[in-house]
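Asker: What follows is entry23.csv, CSV, C-alpha atoms.
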```
chain,number,residue,atom,x,y,z
A,1,MET,CA,0.0,0.0,0.0
A,2,ALA,CA,1.5,3.3,-1.1
A,3,THR,CA,1.7,6.2,1.4
A,4,SER,CA,1.7,9.9,0.7
A,5,LEU,CA,5.0,11.8,0.5
A,6,GLY,CA,4.0,13.9,3.5
A,7,ALA,CA,3.1,11.0,5.7
A,8,ASN,CA,6.3,9.2,4.8
A,9,THR,CA,8.4,12.3,5.5
A,10,TYR,CA,6.7,12.8,8.9
A,11,ASN,CA,7.3,9.2,9.9
A,12,ARG,CA,10.9,9.3,8.8
A,13,GLN,CA,11.4,12.5,10.9
A,14,ASN,CA,10.2,10.6,14.0
A,15,TRP,CA,12.6,7.7,13.6
A,16,GLU,CA,14.6,7.3,16.8
A,17,ASP,CA,18.2,8.5,16.9
A,18,ALA,CA,19.3,8.2,20.5
A,19,ASP,CA,22.7,8.4,22.2
A,20,PHE,CA,22.0,6.0,25.1
A,21,PRO,CA,19.4,3.3,25.7
A,22,ILE,CA,16.8,3.2,28.5
A,23,LEU,CA,17.8,0.1,30.6
A,24,CYS,CA,17.3,-1.4,34.0
A,25,GLN,CA,20.3,-2.1,36.3
A,26,THR,CA,20.0,-5.9,35.7
A,27,CYS,CA,20.3,-5.6,31.9
A,28,LEU,CA,23.0,-3.0,32.1
A,29,GLY,CA,25.2,-5.4,34.2
A,30,GLU,CA,27.5,-4.9,37.1
A,31,ASN,CA,30.5,-3.8,35.2
A,32,PRO,CA,30.8,0.1,35.4
A,33,TYR,CA,33.2,0.1,32.4
A,34,ILE,CA,30.9,-1.2,29.7
A,35,ARG,CA,31.3,-1.0,25.9
A,36,MET,CA,28.4,-0.7,23.6
A,37,THR,CA,27.9,-0.8,19.8
A,38,LYS,CA,25.4,1.7,18.3
A,39,GLU,CA,23.6,1.0,15.0
A,40,LYS,CA,21.5,3.8,13.8
A,41,TYR,CA,18.1,2.6,12.5
A,42,GLY,CA,19.4,-0.9,12.9
A,43,LYS,CA,16.1,-2.7,13.4
A,44,GLU,CA,12.4,-2.3,13.6
A,45,CYS,CA,10.7,-1.9,17.0
A,46,LYS,CA,8.9,-5.1,17.9
A,47,ILE,CA,5.9,-3.1,19.1
A,48,CYS,CA,5.4,-0.1,16.7
A,49,ALA,CA,7.5,-1.5,13.8
A,50,ARG,CA,9.4,1.8,13.3
A,51,PRO,CA,13.2,1.8,12.8
A,52,PHE,CA,15.2,2.8,15.9
A,53,THR,CA,18.8,2.9,17.1
A,54,VAL,CA,19.9,-0.5,18.3
A,55,PHE,CA,22.5,-0.8,21.1
A,56,ARG,CA,24.4,-4.1,21.8
A,57,TRP,CA,26.7,-4.9,24.8
A,58,CYS,CA,27.9,-7.6,27.1
A,59,PRO,CA,26.7,-7.1,30.7
A,60,GLY,CA,29.5,-9.0,32.3
A,61,THR,CA,31.9,-12.0,32.2
A,62,ARG,CA,30.4,-15.2,31.0
A,63,MET,CA,27.2,-13.4,30.1
A,64,ARG,CA,25.4,-13.4,26.8
A,65,PHE,CA,25.3,-10.3,24.6
A,66,LYS,CA,22.1,-8.2,24.9
A,67,LYS,CA,20.5,-5.6,22.7
A,68,THR,CA,17.5,-3.2,22.8
A,69,GLU,CA,14.3,-4.7,21.5
A,70,VAL,CA,11.8,-1.8,21.4
A,71,CYS,CA,12.2,1.9,20.7
A,72,GLN,CA,12.4,4.6,23.3
A,73,THR,CA,9.0,5.9,22.6
A,74,CYS,CA,7.4,2.5,23.4
A,75,SER,CA,9.6,2.3,26.4
A,76,LYS,CA,8.6,5.7,27.8
A,77,MET,CA,4.9,5.0,27.2
A,78,LYS,CA,5.0,2.0,29.6
A,79,ASN,CA,8.0,3.1,31.7
A,80,VAL,CA,9.9,-0.2,31.0
A,81,CYS,CA,13.4,-1.3,30.0
A,82,GLN,CA,14.1,-1.4,26.3
A,83,THR,CA,15.5,-5.0,26.6
A,84,CYS,CA,13.6,-7.0,29.2
A,85,LEU,CA,10.4,-4.9,29.2
A,86,LEU,CA,10.1,-4.9,33.0
A,87,ASP,CA,9.0,-1.9,34.9
A,88,LEU,CA,11.9,0.5,35.7
A,89,GLU,CA,10.7,1.3,39.2
A,90,TYR,CA,9.6,-2.0,40.6
A,91,GLY,CA,11.3,-4.5,38.3
A,92,LEU,CA,8.0,-6.3,37.7
A,93,PRO,CA,6.1,-7.2,34.5
A,94,ILE,CA,3.6,-4.7,33.1
A,95,GLN,CA,0.6,-6.9,33.9
A,96,VAL,CA,1.6,-7.1,37.6
A,97,ARG,CA,2.3,-3.3,37.8
A,98,ASP,CA,-1.0,-2.3,36.2
A,99,THR,CA,-2.9,-4.7,38.4
A,100,GLY,CA,-1.3,-3.3,41.6
A,101,LEU,CA,-2.0,0.3,40.5
A,102,ALA,CA,-5.5,-0.5,39.1
A,103,VAL,CA,-4.5,1.0,35.7
A,104,LYS,CA,-5.9,-0.3,32.4
A,105,ASP,CA,-3.9,1.3,29.7
A,106,GLU,CA,-4.9,-0.3,26.4
A,107,VAL,CA,-2.5,0.4,23.6
A,108,PRO,CA,-4.0,-0.1,20.1
A,109,LYS,CA,-2.8,-3.1,18.2
A,110,SER,CA,-3.9,-2.2,14.6
A,111,ASP,CA,-1.3,-0.4,12.5
A,112,VAL,CA,-3.2,2.8,11.9
A,113,ASN,CA,-4.5,3.3,15.4
A,114,LYS,CA,-1.1,2.4,16.8
A,115,GLU,CA,0.6,5.0,14.7
A,116,TYR,CA,-1.9,7.7,15.7
A,117,TYR,CA,-1.7,6.7,19.4
A,118,THR,CA,2.1,6.8,19.2
A,119,GLN,CA,2.2,10.2,17.7
A,120,ASN,CA,-0.1,11.6,20.4
A,121,MET,CA,2.1,10.1,23.1
A,122,GLU,CA,5.2,11.5,21.5
A,123,ARG,CA,3.7,15.0,21.8
A,124,GLU,CA,2.9,14.4,25.4
A,125,ILE,CA,6.4,13.1,26.1
A,126,ALA,CA,7.9,16.2,24.4
A,127,ASN,CA,6.1,18.4,26.9
A,128,THR,CA,7.6,16.7,29.9
A,129,ASP,CA,11.1,16.4,31.3
A,130,GLY,CA,11.3,12.7,30.5
A,131,THR,CA,11.7,11.6,34.1
A,132,ARG,CA,8.0,10.8,34.8
A,133,PRO,CA,5.6,8.3,33.2
A,134,VAL,CA,3.0,9.7,30.8
A,135,GLY,CA,-0.6,8.8,30.0
A,136,LEU,CA,-2.7,6.9,32.5
A,137,LEU,CA,0.4,5.6,34.2
A,138,GLY,CA,1.5,9.1,35.1
A,139,LYS,CA,-1.9,9.7,36.7
A,140,ALA,CA,-1.9,6.5,38.7
A,141,PRO,CA,-1.2,6.4,42.5
A,142,SER,CA,2.4,6.6,43.5
A,143,SER,CA,2.7,3.2,45.1
A,144,SER,CA,0.9,0.1,46.1
A,145,ASP,CA,1.4,-2.3,49.0
A,146,MET,CA,1.4,-5.3,46.7
A,147,LEU,CA,4.0,-3.8,44.4
A,148,LEU,CA,6.2,-2.9,47.3
A,149,LYS,CA,6.1,-6.5,48.6
A,150,LEU,CA,6.8,-8.0,45.2
A,151,ALA,CA,9.3,-5.5,43.9
A,152,ARG,CA,12.9,-6.6,43.3
A,153,THR,CA,15.2,-4.3,45.2
A,154,THR,CA,18.5,-5.7,44.0
A,155,PRO,CA,19.6,-6.5,40.4
A,156,TYR,CA,19.2,-10.1,39.3
A,157,TYR,CA,22.3,-10.7,37.1
A,158,LYS,CA,21.6,-14.4,36.8
A,159,ARG,CA,19.0,-13.4,34.2
A,160,ASN,CA,21.9,-12.4,31.8
A,161,ARG,CA,23.4,-15.9,31.7
A,162,PRO,CA,23.9,-17.5,28.3
A,163,HIS,CA,21.3,-19.8,26.8
A,164,ILE,CA,21.5,-23.6,27.1
A,165,CYS,CA,23.7,-25.3,24.5
A,166,SER,CA,21.4,-27.4,22.3
A,167,PHE,CA,24.3,-29.5,21.1
A,168,TRP,CA,25.2,-30.4,24.7
A,169,VAL,CA,21.6,-31.5,25.4
A,170,LYS,CA,21.9,-33.9,22.4
A,171,GLY,CA,25.3,-35.0,23.6
A,172,GLU,CA,27.1,-33.6,20.5
A,173,CYS,CA,28.9,-30.5,21.9
A,174,LYS,CA,32.7,-30.7,21.3
A,175,ARG,CA,33.7,-27.3,22.6
A,176,GLY,CA,34.0,-28.3,26.3
A,177,GLU,CA,34.8,-25.4,28.6
A,178,GLU,CA,35.2,-23.1,25.6
A,179,CYS,CA,31.6,-23.3,24.7
A,180,PRO,CA,29.9,-19.9,25.3
A,181,TYR,CA,26.6,-21.5,26.1
A,182,ARG,CA,25.5,-23.2,29.3
A,183,HIS,CA,25.9,-26.9,29.8
A,184,GLU,CA,22.8,-27.5,31.9
A,185,LYS,CA,19.7,-29.6,31.8
A,186,PRO,CA,16.9,-27.5,30.2
A,187,THR,CA,13.6,-26.8,32.0
A,188,ASP,CA,10.5,-28.8,31.4
A,189,PRO,CA,9.0,-27.8,28.0
A,190,ASP,CA,5.5,-28.0,29.6
A,191,ASP,CA,6.5,-25.3,32.1
A,192,PRO,CA,4.5,-22.1,31.4
A,193,LEU,CA,7.6,-20.0,32.0
A,194,ALA,CA,9.2,-21.7,29.0
A,195,ASP,CA,6.8,-20.0,26.6
A,196,GLN,CA,7.2,-16.2,26.9
A,197,ASN,CA,6.3,-13.6,24.2
A,198,ILE,CA,7.6,-10.1,24.1
A,199,LYS,CA,4.3,-8.6,22.8
A,200,ASP,CA,2.3,-10.3,25.5
A,201,ARG,CA,4.8,-8.9,28.0
A,202,TYR,CA,4.4,-5.4,26.6
A,203,TYR,CA,0.6,-5.4,26.3
A,204,GLY,CA,0.2,-7.1,29.7
A,205,ILE,CA,-1.8,-10.2,28.6
A,206,ASN,CA,-1.1,-13.9,29.0
A,207,ASP,CA,2.3,-13.3,30.6
A,208,PRO,CA,3.3,-16.5,32.5
A,209,VAL,CA,5.8,-14.6,34.7
A,210,ALA,CA,3.0,-12.1,35.7
A,211,ASP,CA,0.6,-14.9,36.4
A,212,LYS,CA,3.1,-16.6,38.8
A,213,LEU,CA,3.7,-13.3,40.6
A,214,LEU,CA,0.0,-12.6,41.0
A,215,LYS,CA,-0.6,-16.0,42.4
A,216,ARG,CA,2.2,-15.4,44.9
A,217,ALA,CA,0.6,-12.1,45.8
A,218,SER,CA,-2.8,-13.7,46.4
A,219,THR,CA,-1.2,-16.2,48.9
A,220,MET,CA,0.8,-13.6,50.8
A,221,PRO,CA,-0.3,-13.0,54.4
A,222,ARG,CA,-2.4,-9.9,55.0
A,223,LEU,CA,-3.9,-8.2,58.1
A,224,ASP,CA,-7.7,-8.0,58.0
A,225,ALA,CA,-9.4,-5.5,60.2
A,226,PRO,CA,-11.8,-7.0,62.8
A,227,GLU,CA,-15.5,-6.6,62.4
A,228,ASP,CA,-15.8,-5.0,65.9
A,229,LYS,CA,-15.5,-1.3,65.1
A,230,SER,CA,-14.8,-0.5,68.8
A,231,ILE,CA,-11.3,-2.1,68.5
A,232,THR,CA,-8.7,0.6,68.0
A,233,THR,CA,-5.7,-1.2,69.6
A,234,LEU,CA,-2.7,-2.7,67.7
A,235,TYR,CA,-0.5,-5.4,69.1
A,236,ILE,CA,3.3,-4.9,68.4
A,237,GLY,CA,5.4,-8.0,69.1
A,238,GLY,CA,9.1,-8.7,69.0
A,239,LEU,CA,10.3,-5.4,70.6
A,240,GLY,CA,13.3,-6.7,72.4
A,241,ASP,CA,15.1,-4.5,75.0
A,242,ALA,CA,16.1,-1.7,72.6
A,243,VAL,CA,12.7,-0.4,71.4
A,244,THR,CA,11.2,2.2,73.7
A,245,ASP,CA,7.7,3.8,73.9
A,246,THR,CA,9.1,7.0,72.5
A,247,GLU,CA,10.3,5.3,69.3
A,248,LEU,CA,6.9,3.6,69.0
A,249,LYS,CA,5.2,7.0,69.4
A,250,ASN,CA,7.4,8.7,66.9
A,251,HIS,CA,6.5,6.0,64.3
A,252,PHE,CA,2.8,5.6,64.9
A,253,TYR,CA,1.9,9.2,65.6
A,254,GLN,CA,1.9,10.0,61.9
A,255,PHE,CA,-1.2,7.9,61.4
A,256,GLY,CA,-3.3,9.7,64.0
A,257,GLU,CA,-3.8,10.6,67.6
A,258,ILE,CA,-2.6,7.9,70.1
A,259,ARG,CA,-4.5,7.4,73.3
A,260,THR,CA,-2.2,5.0,75.2
A,261,ILE,CA,1.0,3.0,74.7
A,262,THR,CA,1.4,0.0,77.0
A,263,ILE,CA,4.7,-1.9,76.9
A,264,VAL,CA,4.9,-5.4,78.5
A,265,GLN,CA,8.6,-6.0,79.0
A,266,ARG,CA,8.2,-9.6,80.1
A,267,GLN,CA,6.6,-10.6,76.8
A,268,GLN,CA,8.5,-8.0,74.7
A,269,CYS,CA,5.4,-6.6,73.2
A,270,ALA,CA,3.3,-3.4,73.3
A,271,PHE,CA,-0.3,-2.4,72.9
A,272,ILE,CA,-1.0,0.9,71.1
A,273,GLN,CA,-4.5,2.3,71.3
A,274,PHE,CA,-5.5,5.0,68.8
A,275,ALA,CA,-8.2,7.6,69.3
A,276,THR,CA,-10.1,6.7,66.1
A,277,ARG,CA,-10.6,3.5,64.2
A,278,GLN,CA,-9.5,5.1,60.9
A,279,ALA,CA,-6.1,5.9,62.4
A,280,ALA,CA,-5.7,2.3,63.6
A,281,GLU,CA,-6.6,0.9,60.2
A,282,SER,CA,-4.1,3.2,58.5
A,283,ALA,CA,-1.4,2.2,60.9
A,284,ALA,CA,-2.1,-1.5,60.5
A,285,GLU,CA,-2.1,-1.2,56.7
A,286,LYS,CA,1.1,0.8,56.4
A,287,SER,CA,3.0,-1.1,59.1
A,288,PHE,CA,2.1,-4.8,58.6
A,289,ASN,CA,5.2,-6.8,57.5
A,290,LYS,CA,7.0,-3.5,57.0
A,291,LEU,CA,7.8,-2.2,60.5
A,292,ILE,CA,11.5,-2.1,61.4
A,293,LEU,CA,12.8,-0.3,64.4
A,294,ASN,CA,16.4,-0.4,65.6
A,295,GLY,CA,17.1,-3.1,63.1
A,296,ARG,CA,14.3,-5.4,64.4
A,297,ARG,CA,11.4,-6.4,62.3
A,298,LEU,CA,8.3,-6.1,64.5
A,299,THR,CA,5.0,-8.0,64.3
A,300,VAL,CA,1.8,-6.0,63.9
A,301,LYS,CA,-1.6,-7.5,64.7
A,302,TRP,CA,-5.0,-6.2,65.8
A,303,GLY,CA,-5.9,-6.2,69.4
A,304,ARG,CA,-8.9,-8.1,70.8
A,305,SER,CA,-12.1,-6.9,72.3
A,306,GLN,CA,-12.7,-7.1,76.1
A,307,ALA,CA,-15.3,-9.8,75.7
A,308,ALA,CA,-13.1,-12.1,73.6
A,309,ARG,CA,-10.2,-11.5,75.9
A,310,GLY,CA,-12.3,-12.5,78.9
A,311,LYS,CA,-13.5,-15.7,77.3
A,312,GLU,CA,-10.0,-16.7,76.3
A,313,SER,CA,-8.6,-15.9,79.8
A,314,ILE,CA,-11.2,-18.2,81.4
A,315,LYS,CA,-10.7,-20.9,78.8
A,316,ASP,CA,-6.9,-20.9,78.4
A,317,GLY,CA,-5.6,-19.2,81.6
A,318,VAL,CA,-4.4,-16.1,79.8
A,319,SER,CA,-4.4,-12.7,81.4
A,320,GLU,CA,-5.9,-9.5,80.0
A,321,MET,CA,-2.5,-8.3,78.7
A,322,GLY,CA,-2.1,-11.5,76.7
A,323,THR,CA,0.3,-13.2,79.0
A,324,ARG,CA,-0.1,-16.9,80.0
A,325,LEU,CA,-0.5,-17.4,83.8
A,326,ASP,CA,1.8,-20.0,85.4
A,327,PRO,CA,0.2,-22.5,87.8
A,328,VAL,CA,0.8,-21.8,91.5
A,329,PRO,CA,3.1,-24.5,93.0
A,330,GLY,CA,2.1,-26.4,96.1
A,331,LEU,CA,-1.6,-26.5,95.5
A,332,PRO,CA,-3.3,-29.9,95.8
A,333,GLY,CA,-4.7,-31.5,92.8
A,334,ALA,CA,-8.3,-32.3,92.1
A,335,LEU,CA,-10.0,-34.7,94.6
A,336,PRO,CA,-11.1,-38.0,93.2
A,337,PRO,CA,-14.9,-38.6,93.0
A,338,PRO,CA,-16.4,-40.6,95.9
A,339,PRO,CA,-17.0,-44.3,95.3
A,340,ALA,CA,-20.4,-45.5,94.5
A,341,HIS,CA,-22.1,-47.3,97.5
A,342,ASP,CA,-24.5,-50.2,97.3
A,343,GLU,CA,-27.6,-49.6,99.4
A,344,GLU,CA,-27.8,-53.3,100.5
A,345,ALA,CA,-24.1,-53.6,101.5
A,346,PRO,CA,-23.4,-52.7,105.2
A,347,ALA,CA,-21.4,-49.7,105.9
A,348,ASN,CA,-17.8,-50.7,106.7
A,349,TYR,CA,-16.5,-47.6,108.5
A,350,PHE,CA,-13.3,-49.3,109.9
A,351,ASN,CA,-12.1,-51.0,106.7
A,352,LEU,CA,-12.5,-54.5,108.3
A,353,ASP,CA,-12.5,-57.7,106.3
A,354,PRO,CA,-16.1,-58.7,105.8
A,355,GLY,CA,-15.1,-62.5,105.9
A,356,THR,CA,-14.1,-62.3,109.6
A,357,SER,CA,-16.3,-61.5,112.5
A,358,SER,CA,-14.8,-59.7,115.4
A,359,VAL,CA,-16.5,-59.0,118.7
A,360,LEU,CA,-15.7,-55.9,120.5
A,361,ASN,CA,-16.0,-56.4,124.3
A,362,ILE,CA,-16.2,-53.4,126.4
A,363,ALA,CA,-15.4,-54.3,130.0
A,364,GLY,CA,-17.0,-52.1,132.6
A,365,ASN,CA,-16.0,-51.7,136.2
A,366,PRO,CA,-18.1,-53.5,138.7
```
Show how you would write the structure in this file as C-alpha cells.
Answerer:
Amino acid sequence: MATSLGANTYNRQNWEDADFPILCQTCLGENPYIRMTKEKYGKECKICARPFTVFRWCPGTRMRFKKTEVCQTCSKMKNVCQTCLLDLEYGLPIQVRDTGLAVKDEVPKSDVNKEYYTQNMEREIANTDGTRPVGLLGKAPSSSDMLLKLARTTPYYKRNRPHICSFWVKGECKRGEECPYRHEKPTDPDDPLADQNIKDRYYGINDPVADKLLKRASTMPRLDAPEDKSITTLYIGGLGDAVTDTELKNHFYQFGEIRTITIVQRQQCAFIQFATRQAAESAAEKSFNKLILNGRRLTVKWGRSQAARGKESIKDGVSEMGTRLDPVPGLPGALPPPPAHDEEAPANYFNLDPGTSSVLNIAGNP
C-alpha cells in the first residue's frame, strides 16, 4: 500500500536517533566500564515496527550479549526497560504493575490506530522532562502495597546468563569449557515459563511470569481489620530490649492521635490504642510486615475486644494483657470422686475384712 509523501516524511522524521538506551540495572550489568555498539536505524521496533537505534553490549563476564528490543517511545509509554520490558521502578512485569496500580492502559494493536496513538504520546512526552511516566500511568497512584512487597530491590544478574547449549543437550557439543553456552539440563517444556512472548509482556496479557507473581501475591499474608468497630488497639510484638515507647510513638503518631501505649517488658510486646478506628486501620495497613525499628522487624496485629479476651482468659488461663499465667506451686490436685455405695451392703467404716467377724468387748468396772 503506497503512502503519501507527507506521511512518509513525517514518519521518517520521527525515527529514533538516541545516544544511550533506557535500561534497568539488571540488563546493564554490574561492570561500570561497559562498551556498547550503536547501530542507527538498525532494526524495527517489535511493538510499533518503526526503525530505531539498536544498542548491543555484554553485561559481564560469562554473560550473553544483549540488545535493545523496542524503541524509546514505546519504552517511555510503559516506563519499561528497552531490553527486558520490565518496569523500571519495581522490576516487575507490566501486567503485575498495572494490576497493583489499578491501571488499564490499552495500547491499540492495529497499524493505523497504533501510529496515531504513538504520535499523540510523543507530543505528550515532548512536553515533559522525560523523568516521569506519561498517559494513564502518570496519573496512577504513586505506590501500592502489593507492588512494594513483590518489587525486586536488587539487580538479578543471573538473568543475563547464556542460553543452554542445544548440542550439549543432544550430547554432541565438542567445545567443552570453551563453549559460550550453558551446559545444563533444560527446563520442562511444559512449564508455562518456557513460553514467553515479548508482545504479551508489553501489552500485559497472557504473561506467565506475571501470572506466577499474581498467584504469589494472592497467597501472601495480610492483616484483615476485625468486624468489631470498637477495636482501636494494635499489638506490636518482638520489641526486644532496645525499642522504647518514645520510638513507637514517633513512628505511629503519623497515622493519628494515640490514646495510650502500654509496653509489656516480660513478653517484649506493646499495645498501642488509637483515638479513632480510621487511624488504627491506617497504621495497620502501612506497618504490617514493613515495620522495622532499631534493626528489628516487628510483628503488627490487631488487638482483641474485652469480651473475647475475657473468654479466652477463662478458657486458656491467659491474662488480659495477653500473657499466660503460670500455675501456682504447692496446691493440691483435684480430689477423686467418691466411690459408689451399694444400698444393700453394710457400711464398713473401719475397713474391716467382711469375711471375719470380730467382737468388740467393752469391760465395765463392777
Asker: Using all atoms listed in the file, which of the listed residues (A:Ser230, A:Thr262, A:Gln72, A:Asn127) sits closest to Pro51 of chain A?
Answerer: A:Gln72
Asker: Kindly indicate which residue among A:Ala279, A:Cys27, A:Cys71, A:Val107 lies nearest to Ile258 of chain A, using only C-alpha atoms for the distances.
Answerer: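 Answer, going by the shortest atom-to-atom distance: A:Ala279.
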Asker: May I ask for the distance between atom CA of Leu85 of chain A and atom CA of Leu23 of chain A, given in Å to one decimal place?
Answerer: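 About the pair atom CA of Leu85 of chain A and atom CA of Leu23 of chain A: they are 9.0 Å apart.
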Asker: Skipping near chain neighbours, those fewer than 6 positions away, what residues fall within 9 Å of segment 177-189 of chain A using all atoms listed in the file, listed as a list of chain:residue names?
Answerer: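 Neighbouring residues, sequence-local ones excluded: A:Arg62, A:Met63, A:Arg64, A:Arg161, A:Pro162, A:His163, A:Ile164, A:Cys165, A:Ser166, A:Trp168, A:Val169, A:Asp195.
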Asker: Could you check how far atom CA of Cys74 of chain A sits from atom CA of Leu214 of chain A, in Å to one decimal?
Answerer: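 Straight-line distance from atom CA of Cys74 of chain A to atom CA of Leu214 of chain A works out to 24.3 Å.
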Asker: Would you compute the distance between atom CA of Val103 of chain A and atom CA of Gly135 of chain A? Give it in Å to one decimal.
Answerer: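 Separation of atom CA of Val103 of chain A and atom CA of Gly135 of chain A: 10.4 Å.
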Asker: Just the residues within 10 Å of Leu150 of chain A, please, counting only C-alpha atoms, with nothing from its chain fewer than 4 positions along; format it as an mmCIF file with C-alpha atoms, keeping the file's coordinate frame.
Answerer:
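Listed below is the output, out09.cif:
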```cif
data_model
loop_
_atom_site.group_PDB
_atom_site.id
_atom_site.type_symbol
_atom_site.label_atom_id
_atom_site.label_comp_id
_atom_site.auth_asym_id
_atom_site.auth_seq_id
_atom_site.Cartn_x
_atom_site.Cartn_y
_atom_site.Cartn_z
ATOM 1 C CA TYR A 90 9.600 -2.000 40.600
ATOM 2 C CA GLY A 91 11.300 -4.500 38.300
ATOM 3 C CA LEU A 92 8.000 -6.300 37.700
ATOM 4 C CA VAL A 96 1.600 -7.100 37.600
ATOM 5 C CA ARG A 97 2.300 -3.300 37.800
ATOM 6 C CA ASP A 145 1.400 -2.300 49.000
ATOM 7 C CA MET A 146 1.400 -5.300 46.700
ATOM 8 C CA LEU A 213 3.700 -13.300 40.600
ATOM 9 C CA LEU A 214 0.000 -12.600 41.000
ATOM 10 C CA ARG A 216 2.200 -15.400 44.900
ATOM 11 C CA ALA A 217 0.600 -12.100 45.800
ATOM 12 C CA MET A 220 0.800 -13.600 50.800
#
```
Asker: Excluding Gln278 of chain A and residues on its chain fewer than 5 positions from it, collect all residues at most 12 Å away from it, counting only C-alpha atoms, and give them as an mmCIF file with C-alpha atoms, in the coordinates of the input.
Answerer:
```cif
data_model
loop_
_atom_site.group_PDB
_atom_site.id
_atom_site.type_symbol
_atom_site.label_atom_id
_atom_site.label_comp_id
_atom_site.auth_asym_id
_atom_site.auth_seq_id
_atom_site.Cartn_x
_atom_site.Cartn_y
_atom_site.Cartn_z
ATOM 1 C CA ALA A 225 -9.400 -5.500 60.200
ATOM 2 C CA LYS A 229 -15.500 -1.300 65.100
ATOM 3 C CA SER A 230 -14.800 -0.500 68.800
ATOM 4 C CA ILE A 231 -11.300 -2.100 68.500
ATOM 5 C CA THR A 232 -8.700 0.600 68.000
ATOM 6 C CA THR A 233 -5.700 -1.200 69.600
ATOM 7 C CA PHE A 255 -1.200 7.900 61.400
ATOM 8 C CA GLY A 256 -3.300 9.700 64.000
ATOM 9 C CA GLU A 257 -3.800 10.600 67.600
ATOM 10 C CA ILE A 258 -2.600 7.900 70.100
ATOM 11 C CA GLN A 273 -4.500 2.300 71.300
ATOM 12 C CA ALA A 283 -1.400 2.200 60.900
ATOM 13 C CA ALA A 284 -2.100 -1.500 60.500
ATOM 14 C CA GLU A 285 -2.100 -1.200 56.700
#
```
Asker: For Met36 of chain A, find every residue with an atom within 12 Å (counting all atoms listed in the file), except residues of its own chain fewer than 4 positions away, and show them as number ranges by chain.
Answerer: A: 19-21, 28, 54-59, 65-68
Asker: Can you work out which one of A:Leu291, A:Cys173, A:Ser75, A:Phe271 has the shortest atom-to-atom distance to Asp87 of chain A, counting all atoms listed in the file?
Answerer: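 Looking at the shortest contact to Asp87 of chain A, the residue is A:Ser75.
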Asker: Which one of A:Arg159, A:Lys76, A:Lys104, A:Arg297 sits closest to Asp129 of chain A if you count all atoms listed in the file?
Answerer: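 Nearest candidate to Asp129 of chain A out of A:Arg159, A:Lys76, A:Lys104, A:Arg297: A:Lys76.
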Asker: Using only C-alpha atoms, find each residue of segment 21-103 of chain A with at least one atom at most 10 Å away from an atom of segment 115-125 of chain A; report its shortest atom-to-atom pair and that distance in Å (one decimal), sort the rows by chain and rising residue number, and return the result as a tab-separated table.
Answerer:
```
residue	atom	partner	partner_atom	distance
A:Cys48	CA	A:Glu115	CA	7.3
A:Ala49	CA	A:Glu115	CA	9.5
A:Arg50	CA	A:Glu115	CA	9.5
A:Thr73	CA	A:Glu122	CA	6.9
A:Cys74	CA	A:Thr118	CA	8.0
A:Lys76	CA	A:Ile125	CA	7.9
A:Met77	CA	A:Met121	CA	7.1
```
Asker: For Asp200 of chain A, which residue out of A:Asn160, A:Gln95, A:Thr37, A:Thr299 is the nearest one, using only C-alpha atoms?
Answerer: A:Gln95
Asker: Between A:Gly29, A:Gly303, A:Gly138, A:Pro133, which is the closest to Tyr156 of chain A once you count all atoms listed in the file?
Answerer: A:Gly29
